[in-house]
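K.L.:
File upload-v3.cif below, mmCIF, C-alpha atoms:
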data_target
#
loop_
_atom_site.group_PDB
_atom_site.id
_atom_site.type_symbol
_atom_site.label_atom_id
_atom_site.label_comp_id
_atom_site.auth_asym_id
_atom_site.auth_seq_id
_atom_site.Cartn_x
_atom_site.Cartn_y
_atom_site.Cartn_z
ATOM 1 C CA MET A 164 32.326 -27.398 -24.990
ATOM 2 C CA ALA A 165 29.641 -29.761 -26.273
ATOM 3 C CA ILE A 166 26.610 -30.126 -24.024
ATOM 4 C CA THR A 167 25.281 -33.680 -23.812
ATOM 5 C CA ALA A 168 21.659 -34.778 -23.653
ATOM 6 C CA SER A 169 22.294 -36.439 -20.283
ATOM 7 C CA GLN A 170 23.514 -33.114 -18.837
ATOM 8 C CA VAL A 171 20.395 -31.356 -20.089
ATOM 9 C CA LYS A 172 18.222 -34.132 -18.649
ATOM 10 C CA GLU A 173 19.952 -33.917 -15.251
ATOM 11 C CA LEU A 174 19.607 -30.147 -15.053
ATOM 12 C CA ARG A 175 15.986 -30.334 -16.117
ATOM 13 C CA GLU A 176 15.260 -32.812 -13.326
ATOM 14 C CA ILE A 177 17.031 -30.603 -10.794
ATOM 15 C CA SER A 178 15.423 -27.331 -11.842
ATOM 16 C CA GLY A 179 12.118 -28.235 -13.465
ATOM 17 C CA ALA A 180 12.948 -25.717 -16.197
ATOM 18 C CA GLY A 181 12.407 -26.280 -19.930
ATOM 19 C CA MET A 182 14.812 -28.301 -22.069
ATOM 20 C CA MET A 183 16.021 -25.385 -24.201
ATOM 21 C CA ASP A 184 16.496 -23.198 -21.127
ATOM 22 C CA CYS A 185 18.604 -25.934 -19.512
ATOM 23 C CA LYS A 186 20.729 -26.276 -22.642
ATOM 24 C CA LYS A 187 21.250 -22.529 -22.773
ATOM 25 C CA ALA A 188 22.178 -22.413 -19.087
ATOM 26 C CA LEU A 189 24.768 -25.163 -19.509
ATOM 27 C CA SER A 190 26.215 -23.488 -22.604
ATOM 28 C CA ASN A 191 26.561 -20.178 -20.762
ATOM 29 C CA THR A 192 28.316 -21.810 -17.802
ATOM 30 C CA ASP A 193 30.636 -24.214 -19.670
ATOM 31 C CA GLY A 194 28.668 -27.243 -18.488
ATOM 32 C CA ASP A 195 29.024 -26.484 -14.771
ATOM 33 C CA MET A 196 25.858 -27.998 -13.260
ATOM 34 C CA GLU A 197 25.792 -25.839 -10.102
ATOM 35 C CA LYS A 198 26.446 -22.618 -12.006
ATOM 36 C CA ALA A 199 23.854 -23.597 -14.608
ATOM 37 C CA ALA A 200 21.262 -24.176 -11.892
ATOM 38 C CA GLU A 201 22.122 -20.782 -10.412
ATOM 39 C CA TRP A 202 21.894 -19.186 -13.873
ATOM 40 C CA LEU A 203 18.393 -20.654 -14.288
ATOM 41 C CA ARG A 204 17.390 -19.382 -10.883
ATOM 42 C CA GLU A 205 18.668 -15.896 -11.624
ATOM 43 C CA ASN A 206 16.935 -15.783 -14.972
ATOM 44 C CA GLY A 207 13.871 -17.469 -13.542
ATOM 45 C CA LEU A 208 13.499 -14.651 -11.058
ATOM 46 C CA SER A 209 13.605 -12.068 -13.828
ATOM 47 C CA LYS A 210 10.939 -14.015 -15.717
ATOM 48 C CA ALA A 211 8.823 -14.143 -12.571
ATOM 49 C CA ILE A 212 8.890 -10.372 -12.338
ATOM 50 C CA LYS A 213 7.685 -10.063 -15.936
ATOM 51 C CA LYS A 214 4.791 -12.413 -15.166
ATOM 52 C CA ALA A 215 3.774 -10.485 -12.065
ATOM 53 C CA GLY A 216 1.426 -8.216 -14.008
ATOM 54 C CA ARG A 217 -0.833 -11.063 -15.031
ATOM 55 C CA ILE A 218 -4.051 -11.637 -13.117
ATOM 56 C CA ALA A 219 -3.861 -14.657 -10.801
ATOM 57 C CA ALA A 220 -7.448 -15.442 -9.836
ATOM 58 C CA GLU A 221 -7.514 -19.239 -10.027
ATOM 59 C CA GLY A 222 -5.576 -21.577 -7.737
ATOM 60 C CA ILE A 223 -6.435 -23.653 -4.684
ATOM 61 C CA VAL A 224 -7.027 -23.475 -0.953
ATOM 62 C CA ALA A 225 -5.066 -25.898 1.247
ATOM 63 C CA VAL A 226 -5.223 -26.729 4.945
ATOM 64 C CA ASP A 227 -2.757 -28.345 7.330
ATOM 65 C CA VAL A 228 -3.806 -29.689 10.737
ATOM 66 C CA ASP A 229 -1.544 -31.345 13.282
ATOM 67 C CA ALA A 230 -2.253 -34.900 14.448
ATOM 68 C CA ASP A 231 -4.188 -33.946 17.590
ATOM 69 C CA GLY A 232 -6.180 -31.180 15.911
ATOM 70 C CA LYS A 233 -4.784 -28.402 18.120
ATOM 71 C CA ILE A 234 -2.991 -26.274 15.499
ATOM 72 C CA ALA A 235 -4.115 -25.676 11.931
ATOM 73 C CA SER A 236 -3.482 -23.441 8.964
ATOM 74 C CA ILE A 237 -5.409 -22.477 5.854
ATOM 75 C CA VAL A 238 -3.912 -20.734 2.826
ATOM 76 C CA GLU A 239 -5.027 -19.554 -0.613
ATOM 77 C CA VAL A 240 -2.437 -19.582 -3.393
ATOM 78 C CA ASN A 241 -3.513 -18.218 -6.752
ATOM 79 C CA SER A 242 -2.486 -19.076 -10.290
ATOM 80 C CA GLU A 243 -3.581 -17.665 -13.630
ATOM 81 C CA THR A 244 -5.392 -20.745 -14.895
ATOM 82 C CA ASP A 245 -7.384 -23.642 -13.512
ATOM 83 C CA PHE A 246 -5.114 -25.933 -15.551
ATOM 84 C CA VAL A 247 -2.123 -25.011 -13.387
ATOM 85 C CA ALA A 248 -4.245 -25.300 -10.231
ATOM 86 C CA LYS A 249 -4.658 -29.002 -11.087
ATOM 87 C CA ASN A 250 -0.905 -29.453 -11.651
ATOM 88 C CA GLU A 251 0.660 -31.861 -9.145
ATOM 89 C CA LYS A 252 3.800 -29.746 -8.699
ATOM 90 C CA PHE A 253 1.663 -26.668 -7.938
ATOM 91 C CA GLN A 254 -0.466 -28.616 -5.454
ATOM 92 C CA GLU A 255 2.625 -29.963 -3.685
ATOM 93 C CA TYR A 256 3.970 -26.422 -3.403
ATOM 94 C CA VAL A 257 0.718 -25.104 -1.908
ATOM 95 C CA ALA A 258 0.750 -27.956 0.620
ATOM 96 C CA GLU A 259 4.288 -26.900 1.622
ATOM 97 C CA VAL A 260 3.099 -23.303 2.035
ATOM 98 C CA ALA A 261 0.243 -24.445 4.297
ATOM 99 C CA ALA A 262 2.679 -26.531 6.366
ATOM 100 C CA GLN A 263 4.971 -23.524 6.847
ATOM 101 C CA VAL A 264 2.070 -21.231 7.765
ATOM 102 C CA LYS A 265 1.140 -23.684 10.531
ATOM 103 C CA THR A 266 4.511 -23.124 12.248
ATOM 104 C CA SER A 267 4.959 -19.471 11.257
ATOM 105 C CA GLY A 268 4.724 -16.511 13.578
ATOM 106 C CA ALA A 269 4.125 -14.054 10.719
ATOM 107 C CA ALA A 270 1.166 -11.740 11.181
ATOM 108 C CA ASP A 271 0.730 -10.814 7.522
ATOM 109 C CA ILE A 272 1.730 -11.783 3.995
ATOM 110 C CA GLU A 273 4.685 -9.366 3.879
ATOM 111 C CA ALA A 274 6.235 -10.853 7.016
ATOM 112 C CA PHE A 275 5.564 -14.386 5.801
ATOM 113 C CA LEU A 276 7.226 -13.753 2.425
ATOM 114 C CA ALA A 277 10.320 -12.466 4.215
ATOM 115 C CA GLU A 278 10.729 -15.669 6.262
ATOM 116 C CA PRO A 279 13.319 -18.300 5.319
ATOM 117 C CA TRP A 280 11.750 -21.061 3.229
ATOM 118 C CA ALA A 281 11.615 -24.070 5.573
ATOM 119 C CA ALA A 282 12.674 -26.623 2.946
ATOM 120 C CA ASP A 283 15.690 -24.535 1.859
ATOM 121 C CA THR A 284 16.695 -21.766 4.240
ATOM 122 C CA SER A 285 19.122 -20.310 1.697
ATOM 123 C CA MET A 286 16.070 -18.651 0.151
ATOM 124 C CA THR A 287 13.057 -16.785 1.503
ATOM 125 C CA VAL A 288 9.400 -17.716 1.022
ATOM 126 C CA ASP A 289 9.278 -14.947 -1.600
ATOM 127 C CA ASP A 290 12.314 -16.383 -3.412
ATOM 128 C CA LYS A 291 10.660 -19.815 -3.506
ATOM 129 C CA LEU A 292 7.444 -18.292 -4.844
ATOM 130 C CA LYS A 293 9.315 -16.549 -7.654
ATOM 131 C CA SER A 294 11.250 -19.682 -8.538
ATOM 132 C CA MET A 295 7.940 -21.568 -8.747
ATOM 133 C CA VAL A 296 6.613 -18.887 -11.096
ATOM 134 C CA ALA A 297 9.608 -19.546 -13.342
ATOM 135 C CA VAL A 298 9.094 -23.323 -13.252
ATOM 136 C CA ILE A 299 5.293 -23.293 -13.643
ATOM 137 C CA GLY A 300 5.290 -20.513 -16.218
ATOM 138 C CA GLU A 301 2.401 -18.512 -14.747
ATOM 139 C CA ASN A 302 2.062 -15.696 -12.264
ATOM 140 C CA MET A 303 1.363 -17.031 -8.778
ATOM 141 C CA ASN A 304 0.424 -15.305 -5.562
ATOM 142 C CA ILE A 305 0.168 -16.298 -1.897
ATOM 143 C CA ARG A 306 -2.970 -14.273 -1.304
ATOM 144 C CA ARG A 307 -3.939 -14.929 2.319
ATOM 145 C CA PHE A 308 -3.563 -17.305 5.222
ATOM 146 C CA GLU A 309 -4.749 -17.894 8.758
ATOM 147 C CA ARG A 310 -3.398 -19.961 11.639
ATOM 148 C CA ILE A 311 -5.525 -21.267 14.517
ATOM 149 C CA SER A 312 -4.452 -22.873 17.790
ATOM 150 C CA THR A 313 -6.891 -24.206 20.376
ATOM 151 C CA ASP A 314 -7.315 -26.178 23.596
ATOM 152 C CA GLY A 315 -10.291 -27.887 21.943
ATOM 153 C CA ILE A 316 -10.227 -29.345 18.441
ATOM 154 C CA ILE A 317 -9.951 -28.074 14.862
ATOM 155 C CA VAL A 318 -11.536 -29.940 11.951
ATOM 156 C CA PRO A 319 -10.800 -29.113 8.296
ATOM 157 C CA TYR A 320 -12.783 -29.561 5.101
ATOM 158 C CA ILE A 321 -11.707 -29.140 1.488
ATOM 159 C CA HIS A 322 -14.369 -28.911 -1.216
ATOM 160 C CA ALA A 323 -13.999 -29.543 -4.969
ATOM 161 C CA GLY A 324 -10.283 -30.220 -4.899
ATOM 162 C CA GLY A 325 -9.395 -26.950 -3.207
ATOM 163 C CA LYS A 326 -11.966 -24.512 -4.572
ATOM 164 C CA ILE A 327 -13.192 -23.956 -1.007
ATOM 165 C CA GLY A 328 -11.411 -24.630 2.267
ATOM 166 C CA VAL A 329 -12.857 -24.478 5.793
ATOM 167 C CA LEU A 330 -11.496 -24.742 9.328
ATOM 168 C CA VAL A 331 -13.861 -25.152 12.288
ATOM 169 C CA GLU A 332 -12.621 -24.635 15.843
ATOM 170 C CA ALA A 333 -14.658 -26.075 18.696
ATOM 171 C CA GLY A 334 -14.272 -25.927 22.434
ATOM 172 C CA THR A 335 -14.737 -29.522 23.602
ATOM 173 C CA ASP A 336 -13.102 -32.083 25.867
ATOM 174 C CA SER A 337 -13.885 -34.916 23.466
ATOM 175 C CA ALA A 338 -12.223 -35.966 20.229
ATOM 176 C CA SER A 339 -14.608 -38.865 19.587
ATOM 177 C CA ASP A 340 -15.556 -39.922 16.079
ATOM 178 C CA GLY A 341 -19.045 -38.568 16.726
ATOM 179 C CA VAL A 342 -17.724 -35.115 17.614
ATOM 180 C CA LYS A 343 -15.386 -35.083 14.623
ATOM 181 C CA GLU A 344 -18.205 -36.127 12.301
ATOM 182 C CA CYS A 345 -20.393 -33.349 13.694
ATOM 183 C CA LEU A 346 -17.715 -30.736 13.098
ATOM 184 C CA LYS A 347 -17.040 -32.104 9.601
ATOM 185 C CA ASN A 348 -20.753 -31.700 8.838
ATOM 186 C CA ILE A 349 -20.634 -28.136 10.150
ATOM 187 C CA ALA A 350 -17.602 -27.425 7.952
ATOM 188 C CA MET A 351 -19.503 -28.756 4.934
ATOM 189 C CA GLN A 352 -22.442 -26.501 5.849
ATOM 190 C CA ILE A 353 -20.094 -23.514 5.966
ATOM 191 C CA ALA A 354 -18.624 -24.419 2.578
ATOM 192 C CA ALA A 355 -22.077 -24.700 1.017
ATOM 193 C CA LEU A 356 -23.975 -21.785 2.598
ATOM 194 C CA ASN A 357 -21.134 -19.330 3.304
ATOM 195 C CA PRO A 358 -22.310 -17.772 6.603
ATOM 196 C CA LYS A 359 -20.823 -14.398 7.456
ATOM 197 C CA TYR A 360 -21.098 -14.648 11.243
ATOM 198 C CA LEU A 361 -21.055 -17.352 13.917
ATOM 199 C CA SER A 362 -24.275 -16.157 15.563
ATOM 200 C CA SER A 363 -26.540 -13.103 15.597
ATOM 201 C CA ASP A 364 -24.735 -11.975 18.769
ATOM 202 C CA ASP A 365 -21.640 -11.391 16.615
ATOM 203 C CA VAL A 366 -23.410 -9.123 14.124
ATOM 204 C CA ASP A 367 -22.429 -5.507 14.763
ATOM 205 C CA GLU A 368 -25.131 -2.893 15.233
ATOM 206 C CA GLU A 369 -23.907 -0.903 12.232
ATOM 207 C CA TYR A 370 -24.685 -3.842 9.939
ATOM 208 C CA LYS A 371 -28.129 -4.312 11.521
ATOM 209 C CA GLU A 372 -28.994 -0.624 11.188
ATOM 210 C CA HIS A 373 -27.802 -0.592 7.580
ATOM 211 C CA GLU A 374 -29.983 -3.580 6.720
ATOM 212 C CA LYS A 375 -32.964 -2.127 8.601
ATOM 213 C CA GLY A 376 -32.617 1.050 6.553
ATOM 214 C CA ILE A 377 -32.766 -0.922 3.314
ATOM 215 C CA LEU A 378 -35.766 -2.951 4.511
ATOM 216 C CA LEU A 379 -37.553 0.206 5.649
ATOM 217 C CA THR A 380 -37.127 1.801 2.224
ATOM 218 C CA GLN A 381 -38.394 -1.382 0.558
ATOM 219 C CA ALA A 382 -41.423 -1.476 2.861
ATOM 220 C CA LYS A 383 -42.329 2.166 2.274
ATOM 221 C CA ASN A 384 -42.006 1.758 -1.502
ATOM 222 C CA ASP A 385 -44.329 -1.252 -1.515
ATOM 223 C CA PRO A 386 -47.908 -0.149 -2.397
ATOM 224 C CA LYS A 387 -49.247 -2.991 -0.242
ATOM 225 C CA ASN A 388 -47.995 -1.189 2.862
ATOM 226 C CA GLU A 389 -49.569 2.168 2.079
ATOM 227 C CA GLY A 390 -51.483 3.467 5.092
ATOM 228 C CA LYS A 391 -50.099 0.888 7.519
ATOM 229 C CA PRO A 392 -49.137 2.263 10.980
ATOM 230 C CA ASP A 393 -45.431 2.742 11.712
ATOM 231 C CA ASP A 394 -45.451 0.146 14.494
ATOM 232 C CA ILE A 395 -46.786 -2.503 12.099
ATOM 233 C CA ILE A 396 -44.095 -1.650 9.546
ATOM 234 C CA GLU A 397 -41.480 -1.785 12.324
ATOM 235 C CA LYS A 398 -42.602 -5.305 13.244
ATOM 236 C CA MET A 399 -42.448 -6.325 9.598
ATOM 237 C CA ILE A 400 -38.916 -5.007 9.289
ATOM 238 C CA THR A 401 -37.805 -6.752 12.478
ATOM 239 C CA GLY A 402 -39.217 -10.019 11.199
ATOM 240 C CA ARG A 403 -37.478 -9.674 7.847
ATOM 241 C CA LEU A 404 -34.193 -8.749 9.519
ATOM 242 C CA ASN A 405 -34.359 -11.781 11.795
ATOM 243 C CA LYS A 406 -35.017 -13.988 8.765
ATOM 244 C CA GLU A 407 -32.018 -12.453 6.988
ATOM 245 C CA LEU A 408 -29.786 -12.976 10.029
ATOM 246 C CA LYS A 409 -30.744 -16.662 10.081
ATOM 247 C CA GLU A 410 -29.317 -16.943 6.588
ATOM 248 C CA VAL A 411 -25.960 -15.288 7.369
ATOM 249 C CA CYS A 412 -25.364 -16.577 10.928
ATOM 250 C CA LEU A 413 -24.076 -20.147 11.147
ATOM 251 C CA LEU A 414 -25.746 -21.284 14.374
ATOM 252 C CA GLU A 415 -29.141 -19.937 13.275
ATOM 253 C CA GLN A 416 -29.008 -21.452 9.785
ATOM 254 C CA GLU A 417 -31.238 -24.420 9.063
ATOM 255 C CA TYR A 418 -29.013 -27.492 9.222
ATOM 256 C CA VAL A 419 -28.885 -28.749 5.622
ATOM 257 C CA LYS A 420 -28.861 -32.452 6.531
ATOM 258 C CA ALA A 421 -31.743 -32.185 8.994
ATOM 259 C CA GLU A 422 -35.047 -33.843 8.196
ATOM 260 C CA ASN A 423 -37.009 -31.851 10.785
ATOM 261 C CA LYS A 424 -35.681 -28.354 9.883
ATOM 262 C CA GLU A 425 -33.642 -28.013 13.079
ATOM 263 C CA ASN A 426 -30.998 -25.287 13.056
ATOM 264 C CA VAL A 427 -27.260 -25.816 13.366
ATOM 265 C CA LYS A 428 -27.217 -24.893 17.052
ATOM 266 C CA THR A 429 -29.825 -27.552 17.872
ATOM 267 C CA TYR A 430 -27.967 -30.147 15.797
ATOM 268 C CA ILE A 431 -24.750 -29.479 17.747
ATOM 269 C CA GLN A 432 -26.597 -29.670 21.079
ATOM 270 C CA ASN A 433 -28.127 -33.042 20.116
ATOM 271 C CA VAL A 434 -24.725 -34.464 19.150
ATOM 272 C CA ALA A 435 -23.145 -33.143 22.362
ATOM 273 C CA LYS A 436 -25.881 -34.838 24.413
ATOM 274 C CA ALA A 437 -25.429 -38.116 22.531
ATOM 275 C CA GLU A 438 -21.636 -37.989 22.971
ATOM 276 C CA GLY A 439 -21.838 -36.907 26.623
ATOM 277 C CA CYS A 440 -19.712 -33.807 26.171
ATOM 278 C CA GLN A 441 -19.794 -30.080 25.491
ATOM 279 C CA ILE A 442 -19.381 -28.777 21.935
ATOM 280 C CA ASP A 443 -18.996 -25.032 21.556
ATOM 281 C CA ILE A 444 -18.156 -23.612 18.137
ATOM 282 C CA LYS A 445 -15.546 -20.926 18.741
ATOM 283 C CA LYS A 446 -14.581 -19.881 15.243
ATOM 284 C CA PHE A 447 -14.647 -20.799 11.587
ATOM 285 C CA VAL A 448 -12.559 -19.708 8.597
ATOM 286 C CA ARG A 449 -13.759 -20.115 5.018
ATOM 287 C CA PHE A 450 -11.593 -19.343 1.970
ATOM 288 C CA GLU A 451 -12.984 -19.612 -1.552
ATOM 289 C CA THR A 452 -10.496 -19.461 -4.400
ATOM 290 C CA GLY A 453 -10.553 -16.151 -6.235
ATOM 291 C CA GLU A 454 -13.444 -14.614 -4.293
ATOM 292 C CA GLY A 455 -13.369 -10.858 -4.708
ATOM 293 C CA LEU A 456 -10.745 -11.008 -7.468
ATOM 294 C CA GLU A 457 -11.345 -9.821 -11.003
ATOM 295 C CA LYS A 458 -10.957 -12.728 -13.409
ATOM 296 C CA LYS A 459 -9.489 -12.027 -16.806
ATOM 297 C CA GLU A 460 -11.574 -13.145 -19.768
ATOM 298 C CA GLU A 461 -9.316 -15.183 -22.032
ATOM 299 C CA ASP A 462 -9.594 -15.364 -25.820
ATOM 300 C CA PHE A 463 -7.598 -18.541 -26.435
ATOM 301 C CA ALA A 464 -7.661 -18.282 -30.237
ATOM 302 C CA ALA A 465 -6.389 -14.703 -30.115
ATOM 303 C CA GLU A 466 -3.670 -15.672 -27.633
ATOM 304 C CA VAL A 467 -2.427 -18.499 -29.884
ATOM 305 C CA ALA A 468 -2.503 -16.216 -32.934
ATOM 306 C CA ALA A 469 -0.492 -13.589 -31.039
ATOM 307 C CA GLN A 470 2.119 -16.146 -30.023
ATOM 308 C CA MET A 471 2.443 -17.285 -33.665
ATOM 309 C CA GLY A 472 2.928 -13.686 -34.750
ATOM 310 C CA GLN A 473 -0.296 -13.572 -36.741
#
Starting from the file, give its structure as structure tokens.
P.N.:
Amino acid sequence: MAITASQVKELREISGAGMMDCKKALSNTDGDMEKAAEWLRENGLSKAIKKAGRIAAEGIVAVDVDADGKIASIVEVNSETDFVAKNEKFQEYVAEVAAQVKTSGAADIEAFLAEPWAADTSMTVDDKLKSMVAVIGENMNIRRFERISTDGIIVPYIHAGGKIGVLVEAGTDSASDGVKECLKNIAMQIAALNPKYLSSDDVDEEYKEHEKGILLTQAKNDPKNEGKPDDIIEKMITGRLNKELKEVCLLEQEYVKAENKENVKTYIQNVAKAEGCQIDIKKFVRFETGEGLEKKEEDFAAEVAAQMGQ
């Protein structure tokens, strides 16, 4: 039977697939719209598998926080290119993933992928991911997520359109604008300076001993320290270690917006006093898109030539 342009247009709107793929699907199913959509889905899944070998190191981080700031989620979803990361359909999908993570009981990615997709329980989260790969045309990956619930308050921050996402959990009995602004500033500090620990009390002894070993070797190899007593070198190392810990521990970091070089802990205490409440930072989560992933170097001209069979 003849396939009309209006049928192709309708199927394209339903599926998001390409025009020629929609025409082929309708031709193979005698114009049956439901069967054609299913045919696209089946073939889309096979295409998704073929794309799975490509490196997905771009993408965005998204957060979802409930109205009273008690439950929040953060998720990183990767794509192959920054171009796709800016695609509205991709961003809407990532927002849906973050919303589902917020209500999910899954402890890891494998369990999360096996869950029914909230917007269409006839498919799993993994099925939805693969169908999005087919529609978008790039490999995609739900890389990691975290969910936080609290009796206090959670404040989110997204930097550079999703390049970095932060959640800050605080124990407090106040949800005033002043408290929220304070926590937003802390989240921005975390995004900018990437602390590894909340405070020096959270740094394990193994890390401290490892760093002291490196500093000791540096000190002994420095000609300036030749002949200095061991106790003097020990004091030097302790001082350097403390300085290093101030850089990697949030509460000991210099607060970036401060004019008097106060640290983050002092800034929080001053806000708490002004607001007449207690503010105790319990936890923070920071995701940066693609951190730790190997990014493929693209030769665009070579890729185009390959596609043209040159």
K.L.:
Quick one: residues within 12 Å of Glu407 of chain A, all atoms listed in the file counted, chain neighbours fewer than 4 positions away excluded, as a PyMOL selection string?
P.N.:
chain A and resi 358-360+363+366+370-371+374-375+378+400-403+411-413+415-416
K.L.:
Okay, now the selection with C-alpha atoms, as an mmCIF file, in the frame of the given file?
P.N.:
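Writing the result to out.cif gives the following:
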data_model
loop_
_atom_site.group_PDB
_atom_site.id
_atom_site.type_symbol
_atom_site.label_atom_id
_atom_site.label_comp_id
_atom_site.auth_asym_id
_atom_site.auth_seq_id
_atom_site.Cartn_x
_atom_site.Cartn_y
_atom_site.Cartn_z
ATOM 1 C CA PRO A 358 -22.310 -17.772 6.603
ATOM 2 C CA LYS A 359 -20.823 -14.398 7.456
ATOM 3 C CA TYR A 360 -21.098 -14.648 11.243
ATOM 4 C CA SER A 363 -26.540 -13.103 15.597
ATOM 5 C CA VAL A 366 -23.410 -9.123 14.124
ATOM 6 C CA TYR A 370 -24.685 -3.842 9.939
ATOM 7 C CA LYS A 371 -28.129 -4.312 11.521
ATOM 8 C CA GLU A 374 -29.983 -3.580 6.720
ATOM 9 C CA LYS A 375 -32.964 -2.127 8.601
ATOM 10 C CA LEU A 378 -35.766 -2.951 4.511
ATOM 11 C CA ILE A 400 -38.916 -5.007 9.289
ATOM 12 C CA THR A 401 -37.805 -6.752 12.478
ATOM 13 C CA GLY A 402 -39.217 -10.019 11.199
ATOM 14 C CA ARG A 403 -37.478 -9.674 7.847
ATOM 15 C CA VAL A 411 -25.960 -15.288 7.369
ATOM 16 C CA CYS A 412 -25.364 -16.577 10.928
ATOM 17 C CA LEU A 413 -24.076 -20.147 11.147
ATOM 18 C CA GLU A 415 -29.141 -19.937 13.275
ATOM 19 C CA GLN A 416 -29.008 -21.452 9.785
#
K.L.:
Rounded to one decimal in Å, what is the spacing between atom CA of Leu346 of chain A and atom CA of Val331 of chain A?
P.N.:
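Atom CA of Val331 of chain A lies 6.8 Å from atom CA of Leu346 of chain A.
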K.L.:
With 12 Å as the threshold, what does the neighbourhood of (-14.7, -32.2, 23.2) contain in terms of residues, counting all atoms listed in the file? Coordinates are those of the file; answer as a PyMOL selection string.
P.N.:
chain A and resi 232-233+313-318+332-343+345-346+431+434-436+438-444
K.L.:
Kindly resolve the PyMOL selection byres ((chain A and resi 269) around 12) on the present coordinates and return the residues as a VMD selection string.
P.N.:
chain A and resid 263 to 268 270 to 279 288 307 to 310
K.L.:
How far is it from atom CA of Ala261 of chain A to atom CA of Glu205 of chain A, in Å with one decimal?
P.N.:
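Between atom CA of Ala261 of chain A and atom CA of Glu205 of chain A the gap is 25.8 Å.
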K.L.:
So that I can check the surroundings of Ile353 of chain A, please list as a ChimeraX atom specification every protein, DNA and RNA residue that reaches within 9 Å of it, counting all atoms listed in the file and ignoring chain neighbours fewer than 4 positions away.
P.N.:
/A:329,348-349,357-358,413,447-449
K.L.:
Neighbouring residues of Ala248 of chain A were defined as those with any atom within 8 Å, considering only C-alpha atoms; residues of the same chain fewer than 3 positions away were excluded. Please report them as a short mmCIF file (atom, residue, chain, number, x, y, z; two decimals) with C-alpha atoms, in the frame of the given file.
P.N.:
data_model
loop_
_atom_site.label_atom_id
_atom_site.label_comp_id
_atom_site.auth_asym_id
_atom_site.auth_seq_id
_atom_site.Cartn_x
_atom_site.Cartn_y
_atom_site.Cartn_z
CA GLU A 221 -7.51 -19.24 -10.03
CA GLY A 222 -5.58 -21.58 -7.74
CA ILE A 223 -6.44 -23.65 -4.68
CA ASN A 241 -3.51 -18.22 -6.75
CA SER A 242 -2.49 -19.08 -10.29
CA THR A 244 -5.39 -20.74 -14.90
CA ASP A 245 -7.38 -23.64 -13.51
CA PHE A 253 1.66 -26.67 -7.94
CA GLN A 254 -0.47 -28.62 -5.45
#
K.L.:
Could you list, as an MDAnalysis selection string, every residue within 7 Å of Val224 of chain A, counting only C-alpha atoms and ignoring same-chain residues fewer than 4 positions away?
P.N.:
chainID A and resid 238:240 325:328 450 452
K.L.:
Per residue of segment 363-455 of chain A within 10 Å of segment 216-220 of chain A, record the nearest atom pair and its distance in Å to one decimal, counting all atoms listed in the file, with rows in chain order and ascending residue number, as CSV.
P.N.:
residue,atom,partner,partner_atom,distance
A:Thr452,CA,A:Ala220,CA,7.4
A:Gly453,CA,A:Ala220,CA,4.8
A:Glu454,CA,A:Ala220,CA,8.2
A:Gly455,CA,A:Ala220,CA,9.1
